[in-house]
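The structure appears below as structure tokens.
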Amino acid sequence: MGKSLVIVESPSKAAIINRFLGDNYVVRASVGHIRDLPVSGGKAEKPKTRAKTKADKNEALFRRMGIDPANHWKADYEIMPGKEKVVSELKKLAKSADKVYLATDLDREGEAIAWHLREVLGGDDSRYLRVKYPEITKKAIDNAFAHPGQINMDLVKAQQTRRFLDRVVGFMVSPLLWKKVARGLSAGRVQSVAVELIVDREREIRAFVPEEYWTVGVQAQTQNGEGISLDLAQYQGKKLVLHNKAETDKAVADLKGQSLTVSAVESRRQKTHALPPFTTSTLQQAANQRLGFTVKKTMTIAQHLYEQGLITYMRTDSVNLSAEAIAAARGIIGKEYGEKFLPEKPNFYHSRESAQEAHEAIRPSHPDKGAPASLERDAQRLYDLIYARYLASQMSECVFESTSVTVDAGPYALKAAGHVVIFDGFRRVWKFGKQDDVELPPLKQGESLSLEGITPLQHFTQPPARFSEATLVKQLEKDGIGRPSTYAAIISTIQDRGYVRIERGRFYAEPMGEIVTDRLRFSFKDLMDTQFTARMENQLDDIADGKADWEQSLDGFYGAFEKSLEAASQPAAAGGMPENRPTEIDLTCPKCKKHHMAVQSGKTGIFLSCLGFYDKTVPEEERCRNTMSLHMVEHKKLTDEQEAELLRSRPRCPKCGAAMEPYSIDDRHRLYLCGTPNCGGYKLEEGDFSGDIDKGPEITCERCGSPMILKEGRFGKYMACTNAECGNTRKILKNGQVAPPREDPVDLPELLCKAKGSHYVLRDGAAGIFLAAHNFPKVRETRAPLVSELKRFRDRLSPKFYYLADAPEADPEGNPTEVRFSRKSRKQYIISVKDDKPTGYVAFYDEDKGQWEAQKPEAKGTKRSYTRRGKSAR
């Protein structure tokens, strides 16, 4: 009897499961998806003639998309680039295996990967068995393999439907944005709605007009000499709102002449119930709020914890716990905290309607063992958060006593509130968000108090709070936009596209994000409607449950979408999507001195350009092409209160009244622009605005010795030499530092690439030196250089790299060494490789001693935080 093949998604998971299953199984990883829709038309034959009719254009479009809506949504799947070797090995192993167990993740994406594997590997379908496990423990794995099932095609259809919907929107709306707004823009079915939420919040903040109000604090003393702080709350039995200083001064003067008498003391016991264990969404929110993790970082760490067998599956919307998990939690609580922290019956929680009740909430797989000491710090922090929430969910309620005091002062009433925890219950473990006790002195009704002081304070109403990642996830979940498993991708995508940015943990809408949102809202009302998006998500759930037909769902969406697309493609005068029009300002072009400048919008942001470019009376080659950068005046590290103060100080648009954003043009000009769509309001100021412009660090060009200045281009900020003949530039790294100077490329025609007709060039990049094809990017071949290769061509290298050429060519076992780069220390080091895999030998150069020193190999299976894996040096 031959061995069975088990296919999982990740190599780390494969290693653990292999230990559980034994010698009768061969476990391999697919490393995620092995095939997908073509990147840009794939290998499909391109038409030799230009498309003329609408049918021809549709055919060309469907070929690029890889799906054909007119032919029952036929898909043209292809093996993903770089997965050919993986597929070849899996085919070879599957051919000789008796059975093939598809052990991919238990969500829709995992089900789709399992189906793609079966389709690609081929053979008799009866050989393929689907196994699912909520956690990577021996018991869960044994149970899964004892009860294998079949691929759930309803889940596969739901995944395909989502993929096809997103493909249609991306491939058909994006070209329209290129034509109407700017090249390089893109649209997404769910991402565009997420951007819309941030844009709408941005406009609420701009339109917000702060209103003044005052509060009055009163310091009093009891008959026993104890102090108490009260707040002025009522006048003649009604809520008192003080709008200005005059009203406040009157109230303060009145209070000074009043006697204070306690009119009511009310105390009551209250309980706070334990919070349910984590779902994907609540874990993302809590990790962002408590640990400062981004949603993407949370999911990456959770994935690693799951693959190491430390937590259950991290993509779930259920708050259920298994009976075994509940019993384990209650055992730990009783033993470590005592019986009073253990409720008589287990706590049960209700998931939202669309939750998959078959799944468990996120919890530790081995709560009695804990996490290994070798776990990285952030992984340990996330594990501790999950463990605390899991344990707290099965603990007793928190009991506290709240006290409210009312004090009469003539026609005025003063209030004070106290809060004292009597029994902390689940908060003994879940300490996040814990309130400090506010204990009031003992008071009795009718008791007199002596007035010690009065403190009036001015306030202004605050604009709506900006979204953080946690509150955006909460809003997405509330509106039914996307699913928790997609939130990390949504948040990353909208930032990568340049539609929003994050500062101080808060989302800000970029000008292009607002422009694209307005255009999409104008032409695709359904696409940008949160309720419509939520209905589509519910329809995907119905497809997954076998309650809806996937083709009918796609046809229904596509029919209405195609009509909207056709209407949007018409000229603006005919009701189509409006073009991106410049806003003319009262500033004469400093170059041609004939025309005014205008605010333009491009993919990378807004800028000024001369209107002379559009002067039809001048030959095109003679038109003025002058452009000027616009830099938003940044105010970093402001608190919410400071930002509200800044909002009050900004000028209001003369057309619509919204707060305007300041941009610096040069040392003498500042431009305020209204962000309201199609408003066109602006204000131009002249003065000394040299402090507005970030001139960057003071550095000297390493080539010609001239000063370098900060500039901003399509790929962000960079330093440029002021000597026009030099033309040298230096990148600005993500940490804000200027990238070190780079050496010129070294041509190595003796080193041939794998690609025929190409040879290597040694390049100096932001991540150290690397070998790249001389005709890159036409041939995208890169790799790390061997030390022996650097030694061979030492005479061609810059002296800066001699120490690398003088490094050991091999480790003590004779394995060749190659150069790598540490992102943590920003230094080059060497490792040895055998069969394209690191051996564990690592050496660093000691600058003080002037020699290379090897480090001890780490335990097998551990990963260096500073070592990049893979063959490419990039």
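The chains in the structure tokens are called A, B, ... from first to last as shown; in each chain the residues are counted from 1, and the ligands are counted from 1 in the order shown.
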Show me, as a short mmCIF file (atom, residue, chain, number, x, y, z; two decimals) with all heavy atoms, in the first residue's frame, the residues that have an atom within 9 Å of region 658-672 of chain A when counting only C-alpha atoms, minus same-chain residues fewer than 2 positions from it.
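Dumped everything to result-v2.cif:
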```cif
data_model
loop_
_atom_site.label_atom_id
_atom_site.label_comp_id
_atom_site.auth_asym_id
_atom_site.auth_seq_id
_atom_site.Cartn_x
_atom_site.Cartn_y
_atom_site.Cartn_z
N ARG A 203 -15.41 65.04 4.93
CA ARG A 203 -16.24 66.19 4.59
C ARG A 203 -17.12 66.62 5.76
O ARG A 203 -17.42 67.81 5.91
CB ARG A 203 -17.07 65.85 3.35
CG ARG A 203 -16.19 65.81 2.11
CD ARG A 203 -16.91 65.35 0.89
NE ARG A 203 -15.99 65.35 -0.24
CZ ARG A 203 -16.26 64.78 -1.41
NH1 ARG A 203 -17.42 64.18 -1.61
NH2 ARG A 203 -15.36 64.82 -2.38
N ILE A 205 -16.09 66.54 8.77
CA ILE A 205 -15.16 67.30 9.62
C ILE A 205 -14.97 68.70 9.06
O ILE A 205 -14.98 69.70 9.79
CB ILE A 205 -13.82 66.55 9.72
CG1 ILE A 205 -14.01 65.24 10.50
CG2 ILE A 205 -12.76 67.42 10.39
CD1 ILE A 205 -12.81 64.33 10.47
N ARG A 206 -14.80 68.80 7.73
CA ARG A 206 -14.59 70.11 7.10
C ARG A 206 -15.82 71.00 7.25
O ARG A 206 -15.71 72.21 7.44
CB ARG A 206 -14.28 69.94 5.62
CG ARG A 206 -12.89 69.44 5.33
CD ARG A 206 -12.52 69.75 3.90
NE ARG A 206 -11.49 68.83 3.45
CZ ARG A 206 -11.66 67.93 2.50
NH1 ARG A 206 -12.81 67.82 1.89
NH2 ARG A 206 -10.67 67.14 2.15
N ALA A 207 -16.99 70.39 7.12
CA ALA A 207 -18.23 71.18 7.17
C ALA A 207 -18.62 71.54 8.60
O ALA A 207 -19.48 72.41 8.82
CB ALA A 207 -19.36 70.39 6.51
N PHE A 208 -17.99 70.88 9.57
CA PHE A 208 -18.36 71.08 10.98
C PHE A 208 -17.98 72.50 11.44
O PHE A 208 -16.87 72.97 11.21
CB PHE A 208 -17.64 70.05 11.85
CG PHE A 208 -18.00 70.12 13.29
CD1 PHE A 208 -19.17 69.55 13.76
CD2 PHE A 208 -17.18 70.78 14.20
CE1 PHE A 208 -19.51 69.62 15.11
CE2 PHE A 208 -17.50 70.85 15.54
CZ PHE A 208 -18.68 70.27 15.99
N VAL A 209 -18.91 73.17 12.06
CA VAL A 209 -18.68 74.50 12.62
C VAL A 209 -18.70 74.38 14.15
O VAL A 209 -19.76 74.16 14.74
CB VAL A 209 -19.74 75.50 12.15
CG1 VAL A 209 -19.48 76.88 12.76
CG2 VAL A 209 -19.77 75.59 10.63
N LEU A 608 -0.02 72.38 -9.63
CA LEU A 608 -0.38 73.53 -10.46
C LEU A 608 0.22 73.36 -11.85
O LEU A 608 1.36 72.89 -11.99
CB LEU A 608 0.15 74.82 -9.83
CG LEU A 608 -0.49 75.30 -8.52
CD1 LEU A 608 0.20 76.57 -8.04
CD2 LEU A 608 -1.97 75.55 -8.69
N MET A 628 3.99 73.30 -11.13
CA MET A 628 4.53 73.62 -9.81
C MET A 628 3.91 72.68 -8.78
O MET A 628 2.73 72.35 -8.85
CB MET A 628 4.21 75.08 -9.44
CG MET A 628 4.79 76.10 -10.40
SD MET A 628 4.22 77.79 -10.05
CE MET A 628 5.04 78.10 -8.50
N SER A 629 4.74 72.24 -7.83
CA SER A 629 4.25 71.32 -6.81
C SER A 629 3.39 72.06 -5.78
O SER A 629 3.61 73.24 -5.49
CB SER A 629 5.43 70.65 -6.10
OG SER A 629 6.18 69.89 -7.00
N LEU A 630 2.42 71.34 -5.24
CA LEU A 630 1.62 71.84 -4.12
C LEU A 630 1.89 70.92 -2.93
O LEU A 630 1.70 69.71 -3.03
CB LEU A 630 0.13 71.82 -4.47
CG LEU A 630 -0.40 72.96 -5.33
CD1 LEU A 630 -1.88 72.75 -5.62
CD2 LEU A 630 -0.20 74.30 -4.66
N HIS A 631 2.34 71.49 -1.83
CA HIS A 631 2.63 70.70 -0.65
C HIS A 631 1.64 71.05 0.45
O HIS A 631 1.52 72.21 0.84
CB HIS A 631 4.06 70.99 -0.15
CG HIS A 631 5.12 70.75 -1.18
ND1 HIS A 631 5.62 69.50 -1.45
CD2 HIS A 631 5.75 71.61 -2.03
CE1 HIS A 631 6.53 69.59 -2.41
NE2 HIS A 631 6.62 70.85 -2.77
N MET A 632 0.90 70.03 0.91
CA MET A 632 -0.04 70.29 2.00
C MET A 632 0.74 70.70 3.25
O MET A 632 1.75 70.09 3.59
CB MET A 632 -0.87 69.04 2.30
CG MET A 632 -1.91 69.26 3.40
SD MET A 632 -2.96 67.82 3.69
CE MET A 632 -4.01 67.86 2.25
N VAL A 633 0.27 71.76 3.89
CA VAL A 633 0.91 72.23 5.13
C VAL A 633 0.58 71.25 6.23
O VAL A 633 -0.57 71.15 6.67
CB VAL A 633 0.44 73.65 5.49
CG1 VAL A 633 1.12 74.12 6.78
CG2 VAL A 633 0.74 74.62 4.35
N GLU A 634 1.57 70.49 6.65
CA GLU A 634 1.34 69.42 7.62
C GLU A 634 1.48 69.93 9.05
O GLU A 634 2.32 70.78 9.35
CB GLU A 634 2.32 68.28 7.39
CG GLU A 634 2.16 67.61 6.01
CD GLU A 634 3.13 66.47 5.82
OE1 GLU A 634 3.90 66.18 6.75
OE2 GLU A 634 3.11 65.88 4.73
N LEU A 647 -8.84 73.33 13.11
CA LEU A 647 -10.01 73.42 12.23
C LEU A 647 -10.73 74.75 12.41
O LEU A 647 -11.18 75.36 11.44
CB LEU A 647 -10.97 72.25 12.53
CG LEU A 647 -12.21 72.13 11.66
CD1 LEU A 647 -11.82 71.78 10.22
CD2 LEU A 647 -13.14 71.06 12.20
N ARG A 648 -10.80 75.24 13.65
CA ARG A 648 -11.47 76.52 13.92
C ARG A 648 -10.69 77.69 13.32
O ARG A 648 -11.27 78.70 12.93
CB ARG A 648 -11.63 76.74 15.43
CG ARG A 648 -12.60 75.79 16.09
CD ARG A 648 -13.00 76.30 17.47
NE ARG A 648 -11.88 76.38 18.39
CZ ARG A 648 -11.46 75.37 19.14
NH1 ARG A 648 -12.06 74.20 19.06
NH2 ARG A 648 -10.44 75.53 19.98
N ARG A 650 -8.87 77.68 10.55
CA ARG A 650 -8.74 77.68 9.09
C ARG A 650 -9.83 78.53 8.44
O ARG A 650 -10.97 78.57 8.93
CB ARG A 650 -8.79 76.26 8.55
CG ARG A 650 -7.49 75.51 8.78
CD ARG A 650 -7.50 74.14 8.17
NE ARG A 650 -6.21 73.49 8.36
CZ ARG A 650 -5.98 72.20 8.17
NH1 ARG A 650 -6.98 71.42 7.76
NH2 ARG A 650 -4.78 71.70 8.34
N PRO A 651 -9.50 79.19 7.32
CA PRO A 651 -10.53 79.98 6.62
C PRO A 651 -11.60 79.08 6.03
O PRO A 651 -11.35 77.91 5.73
CB PRO A 651 -9.74 80.69 5.52
CG PRO A 651 -8.51 79.87 5.32
CD PRO A 651 -8.19 79.27 6.65
N ARG A 652 -12.79 79.63 5.88
CA ARG A 652 -13.92 78.90 5.31
C ARG A 652 -14.06 79.25 3.82
O ARG A 652 -13.76 80.37 3.40
CB ARG A 652 -15.20 79.25 6.06
CG ARG A 652 -15.20 78.79 7.51
CD ARG A 652 -15.64 77.35 7.63
NE ARG A 652 -15.27 76.75 8.92
CZ ARG A 652 -15.62 75.52 9.28
NH1 ARG A 652 -16.35 74.79 8.46
NH2 ARG A 652 -15.23 75.03 10.43
N CYS A 653 -14.52 78.26 3.06
CA CYS A 653 -14.67 78.45 1.62
C CYS A 653 -15.67 79.58 1.35
O CYS A 653 -16.78 79.58 1.91
CB CYS A 653 -15.15 77.16 0.97
SG CYS A 653 -15.51 77.31 -0.78
N PRO A 654 -15.32 80.54 0.49
CA PRO A 654 -16.24 81.65 0.19
C PRO A 654 -17.49 81.20 -0.57
O PRO A 654 -18.47 81.94 -0.62
CB PRO A 654 -15.40 82.59 -0.66
CG PRO A 654 -14.32 81.74 -1.24
CD PRO A 654 -14.04 80.68 -0.23
N LYS A 655 -17.46 79.96 -1.12
CA LYS A 655 -18.60 79.48 -1.89
C LYS A 655 -19.54 78.59 -1.08
O LYS A 655 -20.75 78.74 -1.13
CB LYS A 655 -18.13 78.71 -3.13
CG LYS A 655 -17.46 79.59 -4.18
CD LYS A 655 -17.17 78.77 -5.44
CE LYS A 655 -16.60 79.65 -6.54
NZ LYS A 655 -16.34 78.87 -7.79
N CYS A 656 -18.96 77.63 -0.33
CA CYS A 656 -19.82 76.67 0.37
C CYS A 656 -19.67 76.68 1.88
O CYS A 656 -20.44 76.02 2.57
CB CYS A 656 -19.57 75.26 -0.16
SG CYS A 656 -17.95 74.58 0.30
N CYS A 674 -10.81 74.34 -1.34
CA CYS A 674 -12.01 73.71 -0.79
C CYS A 674 -12.07 72.27 -1.28
O CYS A 674 -11.85 72.00 -2.46
CB CYS A 674 -13.26 74.47 -1.24
SG CYS A 674 -14.79 73.73 -0.60
N GLY A 675 -12.36 71.35 -0.35
CA GLY A 675 -12.44 69.95 -0.73
C GLY A 675 -13.83 69.51 -1.16
O GLY A 675 -14.02 68.36 -1.56
N THR A 676 -14.81 70.41 -1.10
CA THR A 676 -16.16 70.05 -1.53
C THR A 676 -16.17 69.80 -3.04
O THR A 676 -15.63 70.60 -3.80
CB THR A 676 -17.16 71.18 -1.20
OG1 THR A 676 -17.08 71.46 0.20
CG2 THR A 676 -18.58 70.77 -1.56
N GLY A 681 -13.89 76.51 -4.90
CA GLY A 681 -13.53 77.63 -4.05
C GLY A 681 -12.06 77.59 -3.65
O GLY A 681 -11.50 76.52 -3.40
N TYR A 682 -11.42 78.77 -3.63
CA TYR A 682 -10.01 78.84 -3.22
C TYR A 682 -9.72 80.21 -2.65
O TYR A 682 -10.49 81.16 -2.81
CB TYR A 682 -9.08 78.54 -4.40
CG TYR A 682 -8.92 79.69 -5.37
CD1 TYR A 682 -7.88 80.62 -5.25
CD2 TYR A 682 -9.81 79.87 -6.43
CE1 TYR A 682 -7.74 81.67 -6.12
CE2 TYR A 682 -9.69 80.92 -7.32
CZ TYR A 682 -8.64 81.82 -7.16
OH TYR A 682 -8.50 82.88 -8.02
N LYS A 683 -8.56 80.31 -1.99
CA LYS A 683 -8.09 81.58 -1.46
C LYS A 683 -6.58 81.59 -1.56
O LYS A 683 -5.91 80.66 -1.12
CB LYS A 683 -8.54 81.74 0.01
CG LYS A 683 -8.12 83.06 0.62
CD LYS A 683 -8.57 83.13 2.09
CE LYS A 683 -8.12 84.44 2.73
NZ LYS A 683 -8.51 84.50 4.16
N LEU A 684 -6.03 82.64 -2.18
CA LEU A 684 -4.59 82.75 -2.38
C LEU A 684 -4.05 83.84 -1.48
O LEU A 684 -4.57 84.96 -1.45
CB LEU A 684 -4.29 83.08 -3.85
CG LEU A 684 -2.82 83.13 -4.27
CD1 LEU A 684 -2.19 81.74 -4.13
CD2 LEU A 684 -2.70 83.63 -5.70
N GLU A 685 -3.00 83.51 -0.71
CA GLU A 685 -2.40 84.47 0.20
C GLU A 685 -0.93 84.71 -0.17
O GLU A 685 -0.24 83.78 -0.61
CB GLU A 685 -2.46 83.97 1.65
CG GLU A 685 -3.83 84.04 2.29
CD GLU A 685 -3.79 83.65 3.76
OE1 GLU A 685 -2.71 83.23 4.23
OE2 GLU A 685 -4.82 83.77 4.43
N GLU A 686 -0.48 85.94 0.00
CA GLU A 686 0.92 86.28 -0.19
C GLU A 686 1.52 86.70 1.15
O GLU A 686 0.86 87.32 1.98
CB GLU A 686 1.07 87.42 -1.20
CG GLU A 686 0.75 87.02 -2.63
CD GLU A 686 1.17 88.11 -3.62
OE1 GLU A 686 2.11 88.86 -3.31
OE2 GLU A 686 0.54 88.18 -4.69
N GLY A 687 2.77 86.34 1.36
CA GLY A 687 3.44 86.66 2.61
C GLY A 687 4.70 85.84 2.74
O GLY A 687 5.20 85.26 1.77
N ASP A 688 5.22 85.74 3.96
CA ASP A 688 6.40 84.93 4.22
C ASP A 688 5.95 83.57 4.73
O ASP A 688 5.58 83.41 5.89
CB ASP A 688 7.30 85.62 5.26
CG ASP A 688 8.56 84.81 5.54
OD1 ASP A 688 8.82 83.83 4.80
OD2 ASP A 688 9.29 85.15 6.49
N PHE A 689 5.96 82.58 3.84
CA PHE A 689 5.53 81.22 4.19
C PHE A 689 6.68 80.23 4.09
O PHE A 689 6.48 79.06 3.77
CB PHE A 689 4.37 80.79 3.29
CG PHE A 689 3.16 81.67 3.38
CD1 PHE A 689 2.74 82.42 2.28
CD2 PHE A 689 2.46 81.77 4.56
CE1 PHE A 689 1.63 83.23 2.36
CE2 PHE A 689 1.34 82.59 4.65
CZ PHE A 689 0.93 83.33 3.56
N SER A 690 7.89 80.70 4.33
CA SER A 690 9.06 79.82 4.22
C SER A 690 9.00 78.69 5.24
O SER A 690 9.56 77.61 5.01
CB SER A 690 10.35 80.63 4.42
OG SER A 690 10.30 81.34 5.66
N GLY A 691 8.28 78.90 6.35
CA GLY A 691 8.17 77.85 7.36
C GLY A 691 7.24 76.73 6.96
O GLY A 691 7.22 75.68 7.60
N ASP A 692 6.44 76.94 5.91
CA ASP A 692 5.50 75.90 5.48
C ASP A 692 6.19 74.73 4.80
O ASP A 692 5.72 73.59 4.84
CB ASP A 692 4.48 76.47 4.47
CG ASP A 692 3.45 77.35 5.16
OD1 ASP A 692 3.45 77.39 6.40
OD2 ASP A 692 2.66 78.00 4.46
N ILE A 693 7.29 75.03 4.12
CA ILE A 693 7.92 74.05 3.24
C ILE A 693 8.97 73.25 3.99
O ILE A 693 9.89 73.82 4.60
CB ILE A 693 8.54 74.72 2.00
CG1 ILE A 693 7.46 75.48 1.23
CG2 ILE A 693 9.22 73.71 1.11
CD1 ILE A 693 7.99 76.27 0.06
#
```
Which of region 614-815 of chain A counts as alpha helix (DSSP H) under DSSP, as a PyMOL selection string please? chain A and resi 640-649+787-792+802-805
Using only C-alpha atoms, which of the listed residues (A:Cys753, A:Ile699, A:Ala392, A:Leu527) sits closest to Val173 (chain A)?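 Using only C-alpha atoms, the shortest distance to Val173 (chain A) belongs to A:Leu527.
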How close does each residue of region 269-366 of chain A get to region 452-468 of chain A, giving the shortest atom pair and distance in Å to one decimal for every residue with an atom at most 12 Å away, counting only C-alpha atoms, sorted by chain and residue number, as CSV?
```
residue,atom,partner,partner_atom,distance
A:Gln284,CA,A:Ser468,CA,11.5
A:Gln285,CA,A:Ser468,CA,9.4
A:Ala286,CA,A:Ser468,CA,11.8
A:Asn288,CA,A:Ser468,CA,8.5
A:Gln289,CA,A:Ser468,CA,8.9
A:Gly292,CA,A:Ser468,CA,10.5
A:Phe293,CA,A:Ser468,CA,11.3
A:Thr294,CA,A:Ser468,CA,9.6
A:Val295,CA,A:Ser468,CA,10.4
```
Select from region 716-867 of chain A everything DSSP, run on the backbone, classes as strand (DSSP E), then give the selection as a ChimeraX atom specification. /A:716-721,729-731,746-752,759-765,768-773,782-783,817-822,827-834,837-846,851-855
What is the distance between CA of Ala560 (chain A) and CA of Leu476 (chain A), in Å to one decimal? 24.3 Å
Closest atom pairs, residues of region 158-273 of chain A within 12 Å of region 72-95 of chain A, only C-alpha atoms, as a Markdown table:
```
| residue | atom | partner | partner_atom | distance |
| --- | --- | --- | --- | --- |
| A:Gln160 | CA | A:Ala75 | CA | 9.6 |
| A:Thr161 | CA | A:Trp73 | CA | 9.6 |
| A:Arg163 | CA | A:Ala75 | CA | 10.8 |
| A:Phe164 | CA | A:Trp73 | CA | 8.4 |
| A:Leu165 | CA | A:Trp73 | CA | 10.7 |
| A:Arg167 | CA | A:Ala75 | CA | 11.3 |
| A:Val168 | CA | A:Trp73 | CA | 10.9 |
```
Next, write the just-selected residues to a file, as a short mmCIF file (atom, residue, chain, number, x, y, z; two decimals), in the first residue's frame, keeping all heavy atoms as the atom set.
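The result, written out as again_37.cif:
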```cif
data_model
loop_
_atom_site.label_atom_id
_atom_site.label_comp_id
_atom_site.auth_asym_id
_atom_site.auth_seq_id
_atom_site.Cartn_x
_atom_site.Cartn_y
_atom_site.Cartn_z
N GLN A 160 -15.63 31.97 -6.11
CA GLN A 160 -15.50 32.36 -7.51
C GLN A 160 -16.38 33.57 -7.82
O GLN A 160 -15.97 34.48 -8.56
CB GLN A 160 -15.90 31.20 -8.43
CG GLN A 160 -14.83 30.19 -8.66
CD GLN A 160 -15.12 29.34 -9.89
OE1 GLN A 160 -14.29 29.19 -10.76
NE2 GLN A 160 -16.30 28.77 -9.96
N THR A 161 -17.56 33.60 -7.27
CA THR A 161 -18.48 34.72 -7.51
C THR A 161 -17.86 36.02 -7.02
O THR A 161 -17.88 37.04 -7.71
CB THR A 161 -19.82 34.48 -6.81
OG1 THR A 161 -20.37 33.23 -7.25
CG2 THR A 161 -20.81 35.59 -7.12
N ARG A 163 -14.69 36.61 -6.57
CA ARG A 163 -13.52 36.90 -7.42
C ARG A 163 -13.95 37.50 -8.75
O ARG A 163 -13.34 38.45 -9.25
CB ARG A 163 -12.75 35.60 -7.66
CG ARG A 163 -11.43 35.78 -8.41
CD ARG A 163 -10.35 36.27 -7.50
NE ARG A 163 -9.09 36.40 -8.21
CZ ARG A 163 -8.66 37.50 -8.80
NH1 ARG A 163 -9.42 38.60 -8.75
NH2 ARG A 163 -7.50 37.56 -9.40
N PHE A 164 -15.01 36.96 -9.35
CA PHE A 164 -15.47 37.44 -10.65
C PHE A 164 -16.08 38.84 -10.53
O PHE A 164 -15.87 39.69 -11.40
CB PHE A 164 -16.49 36.47 -11.24
CG PHE A 164 -15.91 35.14 -11.65
CD1 PHE A 164 -16.73 34.13 -12.16
CD2 PHE A 164 -14.56 34.88 -11.54
CE1 PHE A 164 -16.20 32.90 -12.53
CE2 PHE A 164 -14.01 33.65 -11.90
CZ PHE A 164 -14.84 32.66 -12.39
N LEU A 165 -16.83 39.08 -9.46
CA LEU A 165 -17.41 40.41 -9.25
C LEU A 165 -16.31 41.46 -9.15
O LEU A 165 -16.36 42.52 -9.79
CB LEU A 165 -18.26 40.43 -7.98
CG LEU A 165 -19.62 39.73 -8.01
CD1 LEU A 165 -20.19 39.66 -6.60
CD2 LEU A 165 -20.58 40.46 -8.92
N ARG A 167 -13.30 41.23 -10.23
CA ARG A 167 -12.58 41.31 -11.50
C ARG A 167 -13.31 42.20 -12.50
O ARG A 167 -12.70 43.03 -13.17
CB ARG A 167 -12.45 39.89 -12.08
CG ARG A 167 -11.49 39.74 -13.25
CD ARG A 167 -10.06 39.73 -12.78
NE ARG A 167 -9.18 39.25 -13.82
CZ ARG A 167 -7.87 39.10 -13.67
NH1 ARG A 167 -7.30 39.41 -12.53
NH2 ARG A 167 -7.12 38.67 -14.66
N VAL A 168 -14.62 42.03 -12.58
CA VAL A 168 -15.42 42.82 -13.51
C VAL A 168 -15.32 44.31 -13.18
O VAL A 168 -15.07 45.15 -14.06
CB VAL A 168 -16.89 42.36 -13.49
CG1 VAL A 168 -17.80 43.40 -14.12
CG2 VAL A 168 -17.04 41.03 -14.22
#
```
Report as a ChimeraX atom specification all protein, DNA and RNA residues lying within 10 Å of Leu305 (chain A), evaluated on only C-alpha atoms, omitting residues in the same chain fewer than 3 positions from it. /A:136,299-302,308-314,364-365,371,375,379-380,382-383
Measuring atom to atom with only C-alpha atoms, identify which of A:Leu21, A:Ala573, A:Met512, A:Ile228 is nearest to Phe145 (chain A).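 Checking each candidate against Phe145 (chain A), we get A:Leu21 as the closest.
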Name the residues in contact with Lys340 (chain A) at a cut-off of 9 Å, using only C-alpha atoms, excluding same-chain residues fewer than 3 positions from it; report them as a PyMOL selection string. chain A and resi 334+337+343+396+425
Need to verify the contact set: Gly736 (chain A), 12 Å, only C-alpha atoms, exclusion of same-chain residues closer than 3 positions in sequence. Can you return it as a PyMOL selection string? chain A and resi 696-697+710+716-719+731-733+739
Please list as a ChimeraX atom specification every residue within 7 Å of Val407 (chain A), counting only C-alpha atoms and excluding residues in the same chain fewer than 4 positions away. /A:260-263,413-415
Only N, CA and C atoms, please: the residues just picked out, written as a compact mmCIF listing (two decimals), in the first residue's frame.
```txt
# COMPACT_ATOMS: atom_id res chain seq x y z
N LEU A 260 -25.20 75.49 49.88
CA LEU A 260 -25.22 74.18 49.23
C LEU A 260 -25.82 73.14 50.17
N THR A 261 -26.85 72.44 49.68
CA THR A 261 -27.52 71.42 50.47
C THR A 261 -27.70 70.16 49.66
N VAL A 262 -27.31 69.01 50.23
CA VAL A 262 -27.47 67.72 49.53
C VAL A 262 -28.96 67.40 49.47
N SER A 263 -29.50 67.28 48.24
CA SER A 263 -30.93 67.00 48.08
C SER A 263 -31.22 65.54 47.77
N ALA A 413 -28.76 73.30 40.39
CA ALA A 413 -28.51 71.95 40.90
C ALA A 413 -27.13 71.52 40.44
N LEU A 414 -26.35 70.97 41.38
CA LEU A 414 -25.01 70.46 41.10
C LEU A 414 -25.05 68.93 41.17
N LYS A 415 -24.18 68.28 40.36
CA LYS A 415 -24.18 66.82 40.31
C LYS A 415 -22.76 66.28 40.50
```
Between A:Gly227, A:Gly480, A:Pro148, A:Gly559, smallest distance to Leu451 (chain A) by only C-alpha atoms belongs to A:Gly227
